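Content type compact mmCIF, N, CA and C atoms, from the file model18.txt:
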```txt
# COMPACT_ATOMS: atom_id res chain seq x y z
N MET A 107 114.66 -145.17 -25.12
CA MET A 107 114.17 -146.47 -25.56
C MET A 107 114.87 -146.81 -26.88
N ARG A 108 115.36 -148.03 -26.97
CA ARG A 108 116.06 -148.45 -28.19
C ARG A 108 115.08 -148.75 -29.31
N ARG A 109 115.59 -148.72 -30.53
CA ARG A 109 114.75 -148.98 -31.70
C ARG A 109 114.14 -150.38 -31.64
N SER A 110 114.92 -151.38 -31.22
CA SER A 110 114.40 -152.75 -31.14
C SER A 110 113.25 -152.84 -30.14
N ASP A 111 113.33 -152.06 -29.05
CA ASP A 111 112.24 -152.05 -28.06
C ASP A 111 110.96 -151.52 -28.69
N VAL A 112 111.08 -150.44 -29.46
CA VAL A 112 109.92 -149.85 -30.12
C VAL A 112 109.31 -150.84 -31.11
N LEU A 113 110.16 -151.55 -31.86
CA LEU A 113 109.65 -152.53 -32.83
C LEU A 113 108.92 -153.67 -32.14
N TRP A 114 109.43 -154.16 -31.01
CA TRP A 114 108.75 -155.22 -30.26
C TRP A 114 107.38 -154.75 -29.77
N LEU A 115 107.33 -153.55 -29.22
CA LEU A 115 106.05 -153.02 -28.72
C LEU A 115 105.06 -152.81 -29.86
N ALA A 116 105.54 -152.31 -31.00
CA ALA A 116 104.66 -152.12 -32.16
C ALA A 116 104.13 -153.46 -32.66
N GLY A 117 104.98 -154.47 -32.70
CA GLY A 117 104.56 -155.81 -33.13
C GLY A 117 103.48 -156.38 -32.23
N GLN A 118 103.62 -156.18 -30.93
CA GLN A 118 102.60 -156.66 -30.00
C GLN A 118 101.28 -155.93 -30.23
N GLY A 119 101.35 -154.64 -30.53
CA GLY A 119 100.14 -153.88 -30.81
C GLY A 119 99.42 -154.39 -32.04
N VAL A 120 100.18 -154.72 -33.08
CA VAL A 120 99.60 -155.24 -34.31
C VAL A 120 98.91 -156.58 -34.04
N LEU A 121 99.57 -157.46 -33.30
CA LEU A 121 98.96 -158.76 -32.98
C LEU A 121 97.69 -158.60 -32.14
N PHE A 122 97.69 -157.66 -31.21
CA PHE A 122 96.50 -157.40 -30.40
C PHE A 122 95.33 -156.96 -31.28
N VAL A 123 95.60 -156.03 -32.19
CA VAL A 123 94.53 -155.53 -33.08
C VAL A 123 94.01 -156.66 -33.95
N LEU A 124 94.90 -157.49 -34.48
CA LEU A 124 94.47 -158.62 -35.31
C LEU A 124 93.60 -159.59 -34.52
N ALA A 125 94.00 -159.89 -33.31
CA ALA A 125 93.28 -160.90 -32.52
C ALA A 125 91.95 -160.41 -31.99
N PHE A 126 91.85 -159.13 -31.63
CA PHE A 126 90.65 -158.67 -30.93
C PHE A 126 89.81 -157.64 -31.67
N VAL A 127 90.31 -157.12 -32.77
CA VAL A 127 89.55 -156.12 -33.51
C VAL A 127 89.22 -156.59 -34.92
N VAL A 128 90.22 -157.08 -35.62
CA VAL A 128 90.04 -157.46 -37.02
C VAL A 128 89.24 -158.75 -37.16
N VAL A 129 89.44 -159.72 -36.26
CA VAL A 129 88.82 -161.03 -36.42
C VAL A 129 87.89 -161.36 -35.25
N PRO A 130 86.92 -160.51 -34.91
CA PRO A 130 85.98 -160.87 -33.86
C PRO A 130 84.94 -161.87 -34.36
N ARG A 131 84.24 -162.50 -33.45
CA ARG A 131 83.16 -163.42 -33.84
C ARG A 131 81.98 -162.62 -34.37
N THR A 132 81.12 -163.29 -35.09
CA THR A 132 79.96 -162.62 -35.67
C THR A 132 78.91 -162.23 -34.63
N ASP A 133 78.93 -162.87 -33.44
CA ASP A 133 77.94 -162.52 -32.42
C ASP A 133 78.40 -161.36 -31.53
N GLY A 134 79.52 -160.76 -31.86
CA GLY A 134 79.99 -159.60 -31.12
C GLY A 134 80.98 -159.90 -30.02
N TRP A 135 81.13 -161.17 -29.63
CA TRP A 135 82.09 -161.52 -28.59
C TRP A 135 83.42 -161.88 -29.23
N PHE A 136 84.49 -161.78 -28.44
CA PHE A 136 85.80 -162.17 -28.92
C PHE A 136 85.99 -163.68 -28.77
N GLY A 137 86.85 -164.26 -29.56
CA GLY A 137 87.17 -165.67 -29.45
C GLY A 137 86.47 -166.51 -30.50
N ARG A 138 86.82 -167.76 -30.58
CA ARG A 138 86.32 -168.64 -31.63
C ARG A 138 85.65 -169.90 -31.13
N ILE A 139 85.56 -170.12 -29.80
CA ILE A 139 85.00 -171.36 -29.26
C ILE A 139 83.54 -171.14 -28.90
N GLY A 140 82.66 -172.02 -29.36
CA GLY A 140 81.24 -171.85 -29.12
C GLY A 140 80.66 -172.79 -28.09
N LEU A 141 81.47 -173.43 -27.24
CA LEU A 141 80.96 -174.33 -26.21
C LEU A 141 80.31 -173.54 -25.09
N PRO A 142 79.21 -174.04 -24.49
CA PRO A 142 78.51 -173.28 -23.45
C PRO A 142 79.39 -172.93 -22.24
N ALA A 143 80.27 -173.84 -21.84
CA ALA A 143 81.11 -173.59 -20.66
C ALA A 143 82.38 -172.84 -21.00
N ALA A 144 82.63 -172.58 -22.27
CA ALA A 144 83.90 -171.96 -22.67
C ALA A 144 84.02 -170.52 -22.16
N ARG A 145 82.95 -169.75 -22.22
CA ARG A 145 83.03 -168.34 -21.81
C ARG A 145 83.28 -168.21 -20.31
N PRO A 146 82.52 -168.88 -19.42
CA PRO A 146 82.83 -168.75 -17.98
C PRO A 146 84.23 -169.25 -17.64
N LEU A 147 84.64 -170.35 -18.24
CA LEU A 147 85.98 -170.87 -18.00
C LEU A 147 87.03 -169.89 -18.49
N GLY A 148 86.80 -169.30 -19.65
CA GLY A 148 87.73 -168.31 -20.19
C GLY A 148 87.84 -167.09 -19.30
N TRP A 149 86.72 -166.62 -18.76
CA TRP A 149 86.75 -165.47 -17.86
C TRP A 149 87.50 -165.80 -16.58
N MET A 150 87.36 -167.03 -16.08
CA MET A 150 88.09 -167.42 -14.87
C MET A 150 89.60 -167.44 -15.13
N VAL A 151 89.99 -168.03 -16.26
CA VAL A 151 91.41 -168.06 -16.62
C VAL A 151 91.94 -166.64 -16.80
N PHE A 152 91.16 -165.79 -17.43
CA PHE A 152 91.53 -164.39 -17.63
C PHE A 152 91.72 -163.68 -16.30
N ALA A 153 90.81 -163.91 -15.34
CA ALA A 153 90.89 -163.26 -14.03
C ALA A 153 92.13 -163.72 -13.26
N VAL A 154 92.42 -165.02 -13.30
CA VAL A 154 93.62 -165.53 -12.61
C VAL A 154 94.88 -164.94 -13.24
N GLY A 155 94.92 -164.89 -14.56
CA GLY A 155 96.06 -164.29 -15.25
C GLY A 155 96.22 -162.82 -14.91
N GLY A 156 95.08 -162.10 -14.83
CA GLY A 156 95.13 -160.69 -14.45
C GLY A 156 95.65 -160.49 -13.04
N LEU A 157 95.21 -161.33 -12.11
CA LEU A 157 95.68 -161.25 -10.73
C LEU A 157 97.18 -161.52 -10.65
N ILE A 158 97.64 -162.55 -11.35
CA ILE A 158 99.07 -162.86 -11.38
C ILE A 158 99.85 -161.68 -11.95
N THR A 159 99.33 -161.05 -12.99
CA THR A 159 100.00 -159.91 -13.60
C THR A 159 100.13 -158.74 -12.63
N VAL A 160 99.05 -158.43 -11.91
CA VAL A 160 99.09 -157.31 -10.96
C VAL A 160 100.08 -157.59 -9.84
N VAL A 161 100.06 -158.80 -9.30
CA VAL A 161 101.00 -159.15 -8.22
C VAL A 161 102.44 -159.08 -8.73
N ALA A 162 102.69 -159.59 -9.92
CA ALA A 162 104.05 -159.57 -10.49
C ALA A 162 104.51 -158.14 -10.74
N MET A 163 103.61 -157.28 -11.20
CA MET A 163 103.98 -155.88 -11.44
C MET A 163 104.32 -155.18 -10.13
N LEU A 164 103.56 -155.46 -9.09
CA LEU A 164 103.85 -154.87 -7.78
C LEU A 164 105.19 -155.36 -7.24
N GLN A 165 105.51 -156.64 -7.48
CA GLN A 165 106.78 -157.18 -7.01
C GLN A 165 107.97 -156.59 -7.77
N LEU A 166 107.77 -156.20 -9.03
CA LEU A 166 108.86 -155.58 -9.80
C LEU A 166 109.16 -154.17 -9.31
N GLY A 167 108.14 -153.47 -8.89
CA GLY A 167 108.34 -152.10 -8.39
C GLY A 167 108.88 -151.18 -9.46
N ARG A 168 109.95 -150.44 -9.14
CA ARG A 168 110.49 -149.45 -10.07
C ARG A 168 111.16 -150.08 -11.29
N GLN A 169 111.36 -151.36 -11.27
CA GLN A 169 112.01 -152.04 -12.39
C GLN A 169 111.04 -152.42 -13.51
N LEU A 170 109.77 -152.14 -13.31
CA LEU A 170 108.77 -152.41 -14.33
C LEU A 170 108.93 -151.39 -15.45
N ALA A 171 109.08 -151.88 -16.69
CA ALA A 171 109.24 -151.00 -17.85
C ALA A 171 108.56 -151.64 -19.06
N PRO A 172 108.02 -150.84 -19.98
CA PRO A 172 107.33 -151.41 -21.14
C PRO A 172 108.27 -152.02 -22.16
N GLN A 173 109.51 -151.60 -22.19
CA GLN A 173 110.45 -152.13 -23.17
C GLN A 173 111.11 -153.40 -22.65
N PRO A 174 111.58 -154.28 -23.56
CA PRO A 174 112.20 -155.52 -23.12
C PRO A 174 113.62 -155.34 -22.56
N SER A 175 114.24 -154.20 -22.78
CA SER A 175 115.58 -153.96 -22.24
C SER A 175 115.50 -153.76 -20.74
N PRO A 176 116.50 -154.25 -19.99
CA PRO A 176 116.45 -154.09 -18.54
C PRO A 176 116.60 -152.62 -18.14
N VAL A 177 116.07 -152.27 -16.98
CA VAL A 177 116.18 -150.93 -16.44
C VAL A 177 117.63 -150.68 -16.04
N HIS A 178 118.11 -149.47 -16.31
CA HIS A 178 119.49 -149.10 -15.94
C HIS A 178 119.66 -149.24 -14.42
N ASP A 179 120.74 -149.87 -14.00
CA ASP A 179 121.04 -150.12 -12.59
C ASP A 179 119.97 -150.97 -11.90
N GLY A 180 119.30 -151.83 -12.67
CA GLY A 180 118.28 -152.71 -12.10
C GLY A 180 118.91 -153.91 -11.41
N GLN A 181 118.09 -154.65 -10.71
CA GLN A 181 118.58 -155.87 -10.06
C GLN A 181 117.63 -157.01 -10.39
N LEU A 182 118.15 -158.21 -10.37
CA LEU A 182 117.36 -159.40 -10.66
C LEU A 182 116.41 -159.70 -9.50
N ILE A 183 115.13 -159.83 -9.81
CA ILE A 183 114.13 -160.19 -8.80
C ILE A 183 113.95 -161.70 -8.86
N ASP A 184 114.24 -162.38 -7.75
CA ASP A 184 114.10 -163.84 -7.72
C ASP A 184 113.32 -164.32 -6.49
N THR A 185 112.46 -163.43 -6.00
CA THR A 185 111.60 -163.79 -4.87
C THR A 185 110.14 -163.68 -5.31
N GLY A 186 109.23 -164.16 -4.48
CA GLY A 186 107.81 -164.10 -4.81
C GLY A 186 107.50 -164.93 -6.05
N LEU A 187 106.66 -164.39 -6.92
CA LEU A 187 106.32 -165.11 -8.15
C LEU A 187 107.55 -165.32 -9.03
N TYR A 188 108.49 -164.39 -8.98
CA TYR A 188 109.70 -164.50 -9.79
C TYR A 188 110.64 -165.59 -9.28
N GLY A 189 110.42 -166.09 -8.09
CA GLY A 189 111.17 -167.23 -7.58
C GLY A 189 110.63 -168.55 -8.12
N VAL A 190 109.41 -168.51 -8.66
CA VAL A 190 108.76 -169.71 -9.19
C VAL A 190 108.79 -169.73 -10.72
N VAL A 191 108.50 -168.58 -11.32
CA VAL A 191 108.41 -168.46 -12.78
C VAL A 191 109.27 -167.29 -13.21
N ARG A 192 109.99 -167.44 -14.29
CA ARG A 192 110.88 -166.36 -14.73
C ARG A 192 110.11 -165.11 -15.19
N HIS A 193 109.01 -165.30 -15.92
CA HIS A 193 108.23 -164.19 -16.44
C HIS A 193 106.74 -164.37 -16.09
N PRO A 194 106.35 -164.16 -14.83
CA PRO A 194 104.96 -164.41 -14.46
C PRO A 194 103.96 -163.47 -15.16
N ILE A 195 104.39 -162.30 -15.60
CA ILE A 195 103.47 -161.37 -16.27
C ILE A 195 102.97 -161.99 -17.58
N TYR A 196 103.74 -162.85 -18.22
CA TYR A 196 103.29 -163.49 -19.46
C TYR A 196 102.11 -164.43 -19.24
N THR A 197 101.84 -164.80 -17.99
CA THR A 197 100.71 -165.66 -17.68
C THR A 197 99.43 -165.00 -18.06
```
Could you write out this structure as structure tokens?
Amino acid sequence: MRRSDVLWLAGQGVLFVLAFVVVPRTDGWFGRIGLPAARPLGWMVFAVGGLITVVAMLQLGRQLAPQPSPVHDGQLIDTGLYGVVRHPIYT
């Protein structure tokens, strides 16, 4: 793994901790919106994003890697979700 890959992964970890550990709401839940319908809507969006992520990971197969550098001897996936969106896992 290259040094730049490690730095990107570390940066994502820091942002995650800031967003979900350091700055939680006072009522114990994550997030900042207090509308009654916000939580169910947020969970639905989260579930759809999670499903898209799992499907995209399965479509990548052995080419799935935690670092941003491409896998050695990898090939471009342009079918399934990757035929519609370049980076569906970011959803």
Write out as JSON, numbers by chain each polymer residue whose atoms come within 8 Å of Gln181 in chain A, counting all atoms listed in the file; drop sequence neighbours fewer than 4 positions from it. {"A": [169, 176, 177]}
Minimum-distance residue to Gln165 in chain A, chosen among A:Ala153, A:Leu147, A:Ile183, A:Leu115 (using only N, CA and C atoms):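 Using only N, CA and C atoms, Gln165 in chain A sits closest to A:Ile183.
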So which residues touch Gln173 in chain A within 7 Å, counting all atoms listed in the file, skipping near sequence neighbours fewer than 2 positions away, as JSON, numbers by chain? {"A": [111, 112, 115, 170, 171, 175, 176]}
Take the residues that were just selected and, keeping N, CA and C atoms, output them as a JSON list (two decimals), keeping the file's coordinate frame.
```json
[["chain", "number", "residue", "atom", "x", "y", "z"],
["A", 111, "ASP", "N", 113.33, -152.06, -29.05],
["A", 111, "ASP", "CA", 112.24, -152.05, -28.06],
["A", 111, "ASP", "C", 110.96, -151.52, -28.69],
["A", 112, "VAL", "N", 111.08, -150.44, -29.46],
["A", 112, "VAL", "CA", 109.92, -149.85, -30.12],
["A", 112, "VAL", "C", 109.31, -150.84, -31.11],
["A", 115, "LEU", "N", 107.33, -153.55, -29.22],
["A", 115, "LEU", "CA", 106.05, -153.02, -28.72],
["A", 115, "LEU", "C", 105.06, -152.81, -29.86],
["A", 170, "LEU", "N", 109.77, -152.14, -13.31],
["A", 170, "LEU", "CA", 108.77, -152.41, -14.33],
["A", 170, "LEU", "C", 108.93, -151.39, -15.45],
["A", 171, "ALA", "N", 109.08, -151.88, -16.69],
["A", 171, "ALA", "CA", 109.24, -151.00, -17.85],
["A", 171, "ALA", "C", 108.56, -151.64, -19.06],
["A", 175, "SER", "N", 114.24, -154.20, -22.78],
["A", 175, "SER", "CA", 115.58, -153.96, -22.24],
["A", 175, "SER", "C", 115.50, -153.76, -20.74],
["A", 176, "PRO", "N", 116.50, -154.25, -19.99],
["A", 176, "PRO", "CA", 116.45, -154.09, -18.54],
["A", 176, "PRO", "C", 116.60, -152.62, -18.14]]
```
Point-to-point distance from atom N of Ala116 in chain A to CA of Tyr196 in chain A, Å rounded to tenths: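 Interatomic distance here is 16.2 Å.
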If we count only C-alpha atoms and set the cut-off at 12 Å, which residues sit around Gly186 in chain A, ignoring sequence neighbours fewer than 6 positions away in its own chain? Please answer as a PyMOL selection string. chain A and resi 158+161-166+192-194
Between CA of Pro174 in chain A and CA of Trp114 in chain A, measure the distance and give it in Å to one decimal. 7.9 Å
Check the smallest atom-to-atom distance from each of A:Ile195, A:Gln118, A:Val190, A:Ala143 to Val160 in chain A using only N, CA and C atoms, then report the winner.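 Checking each of A:Ile195, A:Gln118, A:Val190, A:Ala143 against Val160 in chain A, counting only N, CA and C atoms, the winner is A:Ile195.
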Work out how far apart atom C of Thr159 in chain A and CA of Pro172 in chain A are and give it in Å to one decimal. 13.3 Å
